[in-house]
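For reference, model16.tsv (TSV, C-alpha atoms (C1' of nucleotides)):
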```
chain	number	residue	atom	x	y	z
A	1	MET	CA	55.87	-29.46	1.25
A	2	ALA	CA	58.34	-32.25	0.80
A	3	ARG	CA	59.86	-33.41	-2.41
A	4	ALA	CA	57.39	-34.93	-4.83
A	5	ALA	CA	57.04	-38.68	-4.77
A	6	THR	CA	59.19	-40.65	-7.16
A	7	THR	CA	55.94	-42.00	-8.52
A	8	ALA	CA	54.55	-38.54	-9.10
A	9	ASP	CA	55.62	-38.45	-12.73
A	10	VAL	CA	58.18	-39.85	-15.10
A	11	PHE	CA	60.63	-37.03	-14.42
A	12	ASN	CA	60.85	-38.01	-10.77
A	13	ALA	CA	60.94	-41.69	-11.57
A	14	ILE	CA	63.94	-41.49	-13.86
A	15	ALA	CA	65.88	-39.22	-11.55
A	16	GLU	CA	67.16	-42.26	-9.69
A	17	PRO	CA	70.26	-43.65	-11.44
A	18	ARG	CA	69.56	-47.26	-10.59
A	19	ARG	CA	66.14	-46.90	-12.10
A	20	ARG	CA	67.77	-45.82	-15.33
A	21	GLU	CA	69.98	-48.87	-15.11
A	22	VAL	CA	66.92	-51.05	-14.87
A	23	ILE	CA	65.46	-49.28	-17.86
A	24	ALA	CA	68.68	-49.87	-19.74
A	25	VAL	CA	68.29	-53.62	-19.28
A	26	LEU	CA	64.79	-53.46	-20.70
A	27	ALA	CA	65.84	-51.10	-23.46
A	28	ASP	CA	65.82	-53.77	-26.15
A	29	GLY	CA	62.08	-54.09	-25.83
A	30	LYS	CA	62.11	-57.70	-24.76
A	31	GLU	CA	60.54	-58.90	-21.56
A	32	TYR	CA	62.62	-59.79	-18.56
A	33	ALA	CA	61.93	-61.62	-15.34
A	34	VAL	CA	62.94	-59.81	-12.18
A	35	ASN	CA	65.75	-62.21	-11.56
A	36	GLU	CA	67.26	-61.64	-14.99
A	37	VAL	CA	67.52	-57.98	-14.14
A	38	VAL	CA	68.95	-58.88	-10.75
A	39	VAL	CA	71.67	-60.99	-12.32
A	40	ARG	CA	72.57	-58.48	-14.99
A	41	LEU	CA	72.78	-55.52	-12.67
A	42	ARG	CA	74.10	-57.42	-9.65
A	43	MET	CA	71.57	-55.67	-7.47
A	44	PRO	CA	69.70	-57.22	-4.55
A	45	GLN	CA	66.36	-58.63	-5.60
A	46	PRO	CA	64.26	-56.45	-3.29
A	47	THR	CA	66.01	-53.40	-4.69
A	48	VAL	CA	65.15	-54.37	-8.24
A	49	SER	CA	61.58	-55.22	-7.29
A	50	LYS	CA	61.12	-51.86	-5.63
A	51	HIS	CA	62.55	-49.93	-8.53
A	52	LEU	CA	60.42	-51.86	-10.97
A	53	SER	CA	57.44	-51.09	-8.80
A	54	VAL	CA	58.10	-47.37	-9.07
A	55	LEU	CA	58.57	-47.60	-12.81
A	56	ARG	CA	55.37	-49.53	-13.11
A	57	LYS	CA	53.42	-46.97	-11.14
A	58	VAL	CA	54.39	-44.26	-13.57
A	59	GLY	CA	53.77	-46.56	-16.51
A	60	VAL	CA	57.32	-46.79	-17.76
A	61	VAL	CA	57.22	-50.56	-17.53
A	62	SER	CA	54.41	-53.06	-17.79
A	63	MET	CA	54.21	-56.46	-16.18
A	64	VAL	CA	52.58	-59.75	-16.97
A	65	LYS	CA	52.61	-62.87	-14.87
A	66	ARG	CA	53.93	-65.95	-16.55
A	67	GLY	CA	54.20	-68.98	-14.36
A	68	GLN	CA	56.12	-68.14	-11.29
A	69	HIS	CA	57.83	-65.30	-13.08
A	70	ARG	CA	56.73	-61.76	-13.57
A	71	MET	CA	57.83	-60.49	-16.89
A	72	TYR	CA	58.58	-56.80	-17.17
A	73	ARG	CA	58.70	-54.91	-20.39
A	74	LEU	CA	59.64	-51.36	-21.18
A	75	ASN	CA	56.80	-49.07	-22.12
A	76	ALA	CA	59.03	-46.51	-23.75
A	77	ALA	CA	56.20	-44.27	-24.87
A	78	GLU	CA	55.92	-43.04	-21.31
A	79	LEU	CA	59.34	-41.46	-21.68
A	80	LYS	CA	58.12	-39.23	-24.46
A	81	PRO	CA	57.22	-36.31	-22.17
A	82	VAL	CA	60.85	-36.15	-21.13
A	83	HIS	CA	61.93	-36.20	-24.73
A	84	ASP	CA	59.42	-33.56	-25.71
A	85	TRP	CA	60.56	-31.32	-22.91
A	86	VAL	CA	64.29	-31.56	-23.47
A	87	LYS	CA	63.89	-31.45	-27.24
A	88	THR	CA	62.97	-27.79	-26.85
A	89	PHE	CA	66.58	-27.09	-26.04
A	90	GLU	CA	68.07	-29.29	-28.71
A	91	ARG	CA	69.05	-26.34	-30.86
A	92	TYR	CA	71.45	-25.15	-28.22
A	93	TRP	CA	73.84	-27.97	-28.89
A	94	THR	CA	72.92	-29.42	-32.27
A	95	HIS	CA	73.47	-26.27	-34.25
A	96	GLN	CA	77.08	-26.91	-35.03
A	97	LEU	CA	78.17	-23.28	-35.21
A	98	GLY	CA	76.93	-20.03	-33.81
A	99	GLN	CA	77.26	-17.86	-30.78
A	100	ILE	CA	74.95	-20.02	-28.75
A	101	LYS	CA	77.18	-23.03	-28.62
A	102	GLU	CA	80.22	-20.86	-28.31
A	103	ARG	CA	78.77	-19.03	-25.38
A	104	ALA	CA	77.68	-22.24	-23.72
A	105	GLU	CA	81.16	-23.59	-23.96
A	106	ARG	CA	82.65	-20.44	-22.60
A	107	LYS	CA	80.26	-20.53	-19.68
A	108	ALA	CA	81.08	-24.16	-19.06
A	109	LEU	CA	84.72	-23.25	-18.99
A	110	GLU	CA	84.03	-20.50	-16.52
A	111	ARG	CA	82.23	-22.99	-14.36
A	112	MET	CA	85.11	-25.40	-14.47
A	113	ILE	CA	87.43	-22.67	-13.37
A	114	SER	CA	85.19	-21.55	-10.54
A	115	ILE	CA	84.81	-25.13	-9.33
A	116	ASP	CA	88.44	-25.08	-8.31
A	117	ASN	CA	87.80	-22.04	-6.21
A	118	GLY	CA	84.89	-23.69	-4.50
A	119	THR	CA	81.30	-22.74	-5.05
A	120	LYS	CA	81.63	-19.43	-3.33
A	121	GLU	CA	81.17	-16.03	-4.80
A	122	ASP	CA	83.46	-13.13	-5.31
B	1	MET	CA	70.63	-44.38	1.71
B	2	ALA	CA	68.18	-41.57	1.19
B	3	ARG	CA	67.15	-40.15	-2.12
B	4	ALA	CA	69.95	-38.45	-4.00
B	5	ALA	CA	70.23	-34.70	-3.56
B	6	THR	CA	68.46	-32.53	-6.08
B	7	THR	CA	71.87	-31.09	-6.80
B	8	ALA	CA	73.37	-34.52	-7.44
B	9	ASP	CA	72.88	-34.27	-11.17
B	10	VAL	CA	70.73	-32.67	-13.81
B	11	PHE	CA	68.21	-35.53	-13.76
B	12	ASN	CA	67.42	-34.86	-10.13
B	13	ALA	CA	67.44	-31.12	-10.61
B	14	ILE	CA	64.84	-31.10	-13.38
B	15	ALA	CA	62.56	-33.55	-11.59
B	16	GLU	CA	61.01	-30.65	-9.72
B	17	PRO	CA	58.21	-29.09	-11.80
B	18	ARG	CA	58.75	-25.55	-10.55
B	19	ARG	CA	62.36	-25.83	-11.54
B	20	ARG	CA	61.27	-26.63	-15.06
B	21	GLU	CA	59.04	-23.59	-14.92
B	22	VAL	CA	62.01	-21.46	-14.03
B	23	ILE	CA	63.93	-23.01	-16.89
B	24	ALA	CA	61.03	-22.23	-19.19
B	25	VAL	CA	61.34	-18.55	-18.38
B	26	LEU	CA	65.02	-18.61	-19.23
B	27	ALA	CA	64.42	-20.73	-22.31
B	28	ASP	CA	64.85	-17.83	-24.72
B	29	GLY	CA	68.50	-17.60	-23.82
B	30	LYS	CA	68.28	-14.09	-22.45
B	31	GLU	CA	69.35	-13.19	-18.99
B	32	TYR	CA	66.83	-12.52	-16.26
B	33	ALA	CA	67.01	-10.97	-12.83
B	34	VAL	CA	65.51	-13.00	-10.02
B	35	ASN	CA	62.63	-10.61	-9.65
B	36	GLU	CA	61.71	-10.89	-13.31
B	37	VAL	CA	61.29	-14.62	-12.81
B	38	VAL	CA	59.36	-13.96	-9.63
B	39	VAL	CA	56.91	-11.70	-11.43
B	40	ARG	CA	56.47	-13.97	-14.41
B	41	LEU	CA	55.88	-17.11	-12.40
B	42	ARG	CA	54.11	-15.45	-9.48
B	43	MET	CA	56.26	-17.39	-7.06
B	44	PRO	CA	57.65	-16.10	-3.78
B	45	GLN	CA	61.09	-14.64	-4.19
B	46	PRO	CA	62.79	-17.05	-1.78
B	47	THR	CA	61.30	-19.96	-3.67
B	48	VAL	CA	62.71	-18.72	-6.94
B	49	SER	CA	66.08	-18.00	-5.38
B	50	LYS	CA	66.27	-21.48	-3.96
B	51	HIS	CA	65.33	-23.16	-7.21
B	52	LEU	CA	67.82	-21.04	-9.11
B	53	SER	CA	70.42	-22.03	-6.57
B	54	VAL	CA	69.83	-25.71	-7.25
B	55	LEU	CA	69.94	-25.16	-10.99
B	56	ARG	CA	73.15	-23.25	-10.63
B	57	LYS	CA	74.78	-25.98	-8.60
B	58	VAL	CA	74.19	-28.47	-11.37
B	59	GLY	CA	75.27	-25.95	-13.98
B	60	VAL	CA	71.94	-25.57	-15.73
B	61	VAL	CA	72.00	-21.83	-15.18
B	62	SER	CA	74.81	-19.37	-14.78
B	63	MET	CA	74.77	-16.12	-12.88
B	64	VAL	CA	76.49	-12.79	-13.13
B	65	LYS	CA	76.14	-9.86	-10.81
B	66	ARG	CA	75.11	-6.64	-12.42
B	67	GLY	CA	74.52	-3.80	-10.05
B	68	GLN	CA	72.16	-4.86	-7.38
B	69	HIS	CA	70.73	-7.50	-9.64
B	70	ARG	CA	71.86	-11.03	-10.24
B	71	MET	CA	71.30	-12.02	-13.79
B	72	TYR	CA	70.57	-15.64	-14.51
B	73	ARG	CA	70.97	-17.26	-17.87
B	74	LEU	CA	70.16	-20.72	-19.07
B	75	ASN	CA	73.11	-22.95	-19.78
B	76	ALA	CA	71.18	-25.35	-21.93
B	77	ALA	CA	74.18	-27.49	-22.78
B	78	GLU	CA	73.90	-29.02	-19.33
B	79	LEU	CA	70.59	-30.54	-20.37
B	80	LYS	CA	72.24	-32.54	-23.10
B	81	PRO	CA	72.79	-35.64	-20.93
B	82	VAL	CA	69.05	-35.88	-20.49
B	83	HIS	CA	68.53	-35.51	-24.18
B	84	ASP	CA	71.18	-38.09	-25.00
B	85	TRP	CA	69.65	-40.54	-22.60
B	86	VAL	CA	66.05	-40.21	-23.69
B	87	LYS	CA	67.02	-40.03	-27.34
B	88	THR	CA	67.89	-43.71	-27.10
B	89	PHE	CA	64.19	-44.47	-26.92
B	90	GLU	CA	63.11	-42.06	-29.60
B	91	ARG	CA	62.52	-44.83	-32.12
B	92	TYR	CA	59.75	-46.23	-29.95
B	93	TRP	CA	57.44	-43.37	-30.74
B	94	THR	CA	58.94	-41.60	-33.75
B	95	HIS	CA	57.99	-44.30	-36.22
B	96	GLN	CA	55.63	-46.10	-33.95
B	97	LEU	CA	53.40	-47.56	-36.61
B	98	GLY	CA	56.33	-48.34	-38.83
B	99	GLN	CA	58.12	-50.07	-35.99
B	100	ILE	CA	55.17	-52.23	-35.17
B	101	LYS	CA	54.63	-53.16	-38.77
B	102	GLU	CA	58.30	-53.84	-39.26
B	103	ARG	CA	58.48	-56.06	-36.21
B	104	ALA	CA	55.36	-57.93	-37.26
B	105	GLU	CA	56.87	-58.56	-40.65
B	106	ARG	CA	60.11	-59.73	-39.15
B	107	LYS	CA	58.27	-62.09	-36.84
B	108	ALA	CA	56.28	-63.43	-39.77
B	109	LEU	CA	59.45	-63.99	-41.70
B	110	GLU	CA	61.04	-65.78	-38.78
B	111	ARG	CA	58.00	-67.99	-38.52
B	112	MET	CA	58.20	-68.91	-42.18
B	113	ILE	CA	61.86	-69.75	-41.88
B	114	SER	CA	61.48	-71.86	-38.78
B	115	ILE	CA	58.38	-73.68	-39.82
B	116	ASP	CA	60.25	-76.89	-40.43
B	117	ASN	CA	62.55	-77.06	-37.45
B	118	GLY	CA	60.31	-75.63	-34.71
B	119	THR	CA	62.71	-72.96	-33.51
B	120	LYS	CA	61.53	-71.15	-30.43
B	121	GLU	CA	61.62	-67.45	-29.98
B	122	ASP	CA	64.07	-65.46	-27.89
C	1	DT	C1'	52.03	-81.85	1.53
C	2	DT	C1'	56.66	-80.30	1.46
C	3	DG	C1'	60.17	-77.99	-0.48
C	4	DA	C1'	62.35	-75.08	-3.75
C	5	DC	C1'	62.17	-71.14	-6.29
C	6	DA	C1'	60.57	-66.23	-7.65
C	7	DT	C1'	59.00	-62.04	-6.20
C	8	DA	C1'	56.88	-58.62	-3.24
C	9	DT	C1'	56.33	-56.32	1.10
C	10	DT	C1'	57.31	-54.60	5.63
C	11	DC	C1'	60.43	-52.62	8.92
C	12	DT	C1'	63.99	-49.50	10.18
C	13	DT	C1'	67.02	-45.56	9.61
C	14	DA	C1'	69.74	-41.80	7.88
C	15	DT	C1'	68.95	-38.12	4.92
C	16	DA	C1'	67.04	-34.65	2.09
C	17	DT	C1'	63.57	-32.19	0.60
C	18	DG	C1'	60.21	-27.71	-0.59
C	19	DG	C1'	57.42	-24.20	1.23
C	20	DG	C1'	56.59	-20.31	4.44
C	21	DA	C1'	58.16	-16.96	7.53
C	22	DA	C1'	61.56	-14.32	9.16
C	23	DT	C1'	65.90	-12.50	8.66
C	24	DA	C1'	70.42	-11.51	6.74
C	25	DT	C1'	73.33	-9.59	3.15
C	26	DA	C1'	74.50	-6.65	-0.36
C	27	DT	C1'	73.90	-2.47	-3.29
C	28	DT	C1'	72.12	1.82	-4.75
C	29	DT	C1'	70.36	6.30	-3.73
C	30	DG	C1'	69.12	10.48	-1.12
D	1	DC	C1'	74.31	7.48	7.46
D	2	DA	C1'	69.61	5.83	6.48
D	3	DA	C1'	66.15	4.10	3.61
D	4	DA	C1'	64.90	1.45	-0.31
D	5	DT	C1'	65.63	-2.29	-3.26
D	6	DA	C1'	67.23	-6.98	-4.71
D	7	DT	C1'	68.49	-11.33	-3.42
D	8	DA	C1'	70.09	-15.00	-0.42
D	9	DT	C1'	69.89	-17.64	3.75
D	10	DT	C1'	68.15	-19.76	7.92
D	11	DC	C1'	64.79	-22.21	10.63
D	12	DC	C1'	60.93	-25.21	11.03
D	13	DC	C1'	58.36	-29.23	9.61
D	14	DA	C1'	55.69	-32.63	7.23
D	15	DT	C1'	56.96	-35.95	4.00
D	16	DA	C1'	59.36	-39.16	1.28
D	17	DT	C1'	62.75	-41.49	0.15
D	18	DA	C1'	66.61	-45.82	-0.84
D	19	DA	C1'	69.03	-49.44	1.05
D	20	DG	C1'	69.29	-53.54	3.94
D	21	DA	C1'	67.32	-57.20	6.57
D	22	DA	C1'	63.78	-59.99	7.45
D	23	DT	C1'	59.66	-61.83	6.16
D	24	DA	C1'	55.52	-62.71	3.50
D	25	DT	C1'	53.30	-64.27	-0.69
D	26	DG	C1'	52.90	-66.99	-4.75
D	27	DT	C1'	53.85	-70.80	-7.76
D	28	DC	C1'	55.76	-74.95	-9.49
D	29	DA	C1'	57.42	-79.79	-8.79
D	30	DA	C1'	58.03	-84.32	-6.64
```
What is this structure when it is put down as structure tokens?
Amino acid sequence: MARAATTADVFNAIAEPRRREVIAVLADGKEYAVNEVVVRLRMPQPTVSKHLSVLRKVGVVSMVKRGQHRMYRLNAAELKPVHDWVKTFERYWTHQLGQIKERAERKALERMISIDNGTKED
Amino acid sequence: MARAATTADVFNAIAEPRRREVIAVLADGKEYAVNEVVVRLRMPQPTVSKHLSVLRKVGVVSMVKRGQHRMYRLNAAELKPVHDWVKTFERYWTHQLGQIKERAERKALERMISIDNGTKED
DNA sequence: TTGACATATTCTTATATGGGAATATATTTG
DNA sequence: CAAATATATTCCCATATAAGAATATGTCAA
């Protein structure tokens, strides 16, 4: 089996950084024509259109035609599954004190150290 | 350019559903040997090893050797970027009704104010 | 109609996947 | 050492990108 399609679910859709950039433009909840996104992100128009198409297929954005423009709007509710999922782990970093955070930081430090040695094992 | 590697960042790593299943097993913060994950998820051992490998490369899990076992532990802090990102949109569903009502009231107010001069919307 | 403008779609191509099967690499134990 | 156990790695392959270039489609305006 190959990797799941980017349109398979919202998790796959938002994995692409440029798609998150597009979302960022729409983040204020207003509607934007494709070309407004193009100008703001300085991305080629076909690139933006394709990314918007993926986001639309998973429901993260909605589109309405208005004249010769197609207005895209963020449908943020579709991002909730991501929020719900990651929220489960919130306690690991929000709880200001405790062994959990401490341990996480220690592990992160260990990782930083081992990065210098390459990803190999002992 | 092809799709970014699953090991490119945590967003790509968690896009794979089975990887989230593995994370779910480790979610209690305890350490697990590969085979414990294999048994719990009823996945082939190589599959689990490969997914753990990806998660380790992005730092989501850490590993220590203990005897003939390799113990994996969740490093939940690495999921924080996902949380931080999606948290931006939290308001869209947390107080959904309130938001809608609030916006409607604001719009109504704007209409009342601009009744005389015919101001157009943004 | 003829342009001009806005957007989508179709190719191509290099690249990476995830699963299954088989195999390799430890590590412990007898 | 040899066998058993635990885990990682390699190979194969069908599939799906994402970007760029070129083109098609759609819509307004004179």
In the coordinates of the file, take the point (58.6, -81.1, 2.4) and a cut-off of 12 Å; then, counting all atoms listed in the file, name each qualifying protein, DNA or RNA residue as a short mmCIF file (atom, residue, chain, number, x, y, z; two decimals) with C-alpha atoms (C1' of nucleotides), in the frame of the given file.
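What landed in selection.cif:
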```
data_model
loop_
_atom_site.label_atom_id
_atom_site.label_comp_id
_atom_site.auth_asym_id
_atom_site.auth_seq_id
_atom_site.Cartn_x
_atom_site.Cartn_y
_atom_site.Cartn_z
"C1'" DT C 1 52.03 -81.85 1.53
"C1'" DT C 2 56.66 -80.30 1.46
"C1'" DG C 3 60.17 -77.99 -0.48
"C1'" DA C 4 62.35 -75.08 -3.75
"C1'" DA D 29 57.42 -79.79 -8.79
"C1'" DA D 30 58.03 -84.32 -6.64
#
```
Subject >> Sel. within 6 Å of pt (71.2, -44.8, 6.5), counting all atoms listed in the file, output as a PyMOL selection string >> reply: (chain B and resi 1) or (chain C and resi 13-14)
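Here is the contact set of chain D against chain A, at 7 Å and counting all atoms listed in the file: DA14, DT15, DA16 and DT27 of chain D.
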**OP:** Write out as a PyMOL selection string every residue belonging to chain C that has an atom at most 8 Å from any atom of chain B, counting all atoms listed in the file.
**Re:** chain C and resi 14-16+19+26-28
Output C-alpha atoms (C1' of nucleotides) for every residue in that selection, as a short mmCIF file (atom, residue, chain, number, x, y, z; two decimals), in the frame of the given file.
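The resulting part_6.cif:
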```cif
data_model
loop_
_atom_site.label_atom_id
_atom_site.label_comp_id
_atom_site.auth_asym_id
_atom_site.auth_seq_id
_atom_site.Cartn_x
_atom_site.Cartn_y
_atom_site.Cartn_z
"C1'" DA C 14 69.74 -41.80 7.88
"C1'" DT C 15 68.95 -38.12 4.92
"C1'" DA C 16 67.04 -34.65 2.09
"C1'" DG C 19 57.42 -24.20 1.23
"C1'" DA C 26 74.50 -6.65 -0.36
"C1'" DT C 27 73.90 -2.47 -3.29
"C1'" DT C 28 72.12 1.82 -4.75
#
```
Original post:
When you draw a straight line from atom CA of Arg18 of chain B to atom CA of Lys87 of chain A, how long is it in Å?
Top reply: 18.4 Å
**OP:** Give the residues of chain B that lie within 6 Å of chain A; count all atoms listed in the file, and format the answer as a PyMOL selection string.
**Re:** chain B and resi 11-12+15+83+86
Export of the given selection (C-alpha atoms) as a JSON list (two decimals), in the coordinates of the input:
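Contents of out24.json, freshly written:
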```
[["chain", "number", "residue", "atom", "x", "y", "z"],
["B", 11, "PHE", "CA", 68.21, -35.53, -13.76],
["B", 12, "ASN", "CA", 67.42, -34.86, -10.13],
["B", 15, "ALA", "CA", 62.56, -33.55, -11.59],
["B", 83, "HIS", "CA", 68.53, -35.51, -24.18],
["B", 86, "VAL", "CA", 66.05, -40.21, -23.69]]
```
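The closest residue to Leu55 of chain A, picked from A:Val22, A:Tyr32, A:Arg40, A:Met71 and counting all atoms listed in the file, is A:Val22.
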**OP:** Please provide as a ChimeraX atom specification all residues within 10 Å of DT23 of chain C, with the sequence filter that same-chain residues fewer than 4 positions apart are discarded (counting only C-alpha atoms (C1' of nucleotides)).
**Re:** /D:9-11
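Take atom CA of Val54 of chain B and atom CA of Thr7 of chain B: the distance between them is 5.8 Å.
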Original post:
Which residues, written as a ChimeraX atom specification, have at least one atom at most 10 Å from Leu52 of chain B, with only C-alpha atoms (C1' of nucleotides) counted and residues fewer than 5 positions away on the same chain left out?
Top reply: /B:19,22-23,34,37,46-47,57,60-63,72
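Note that the spacing between atom CA of Val64 of chain A and atom CA of Val38 of chain A amounts to 17.5 Å.
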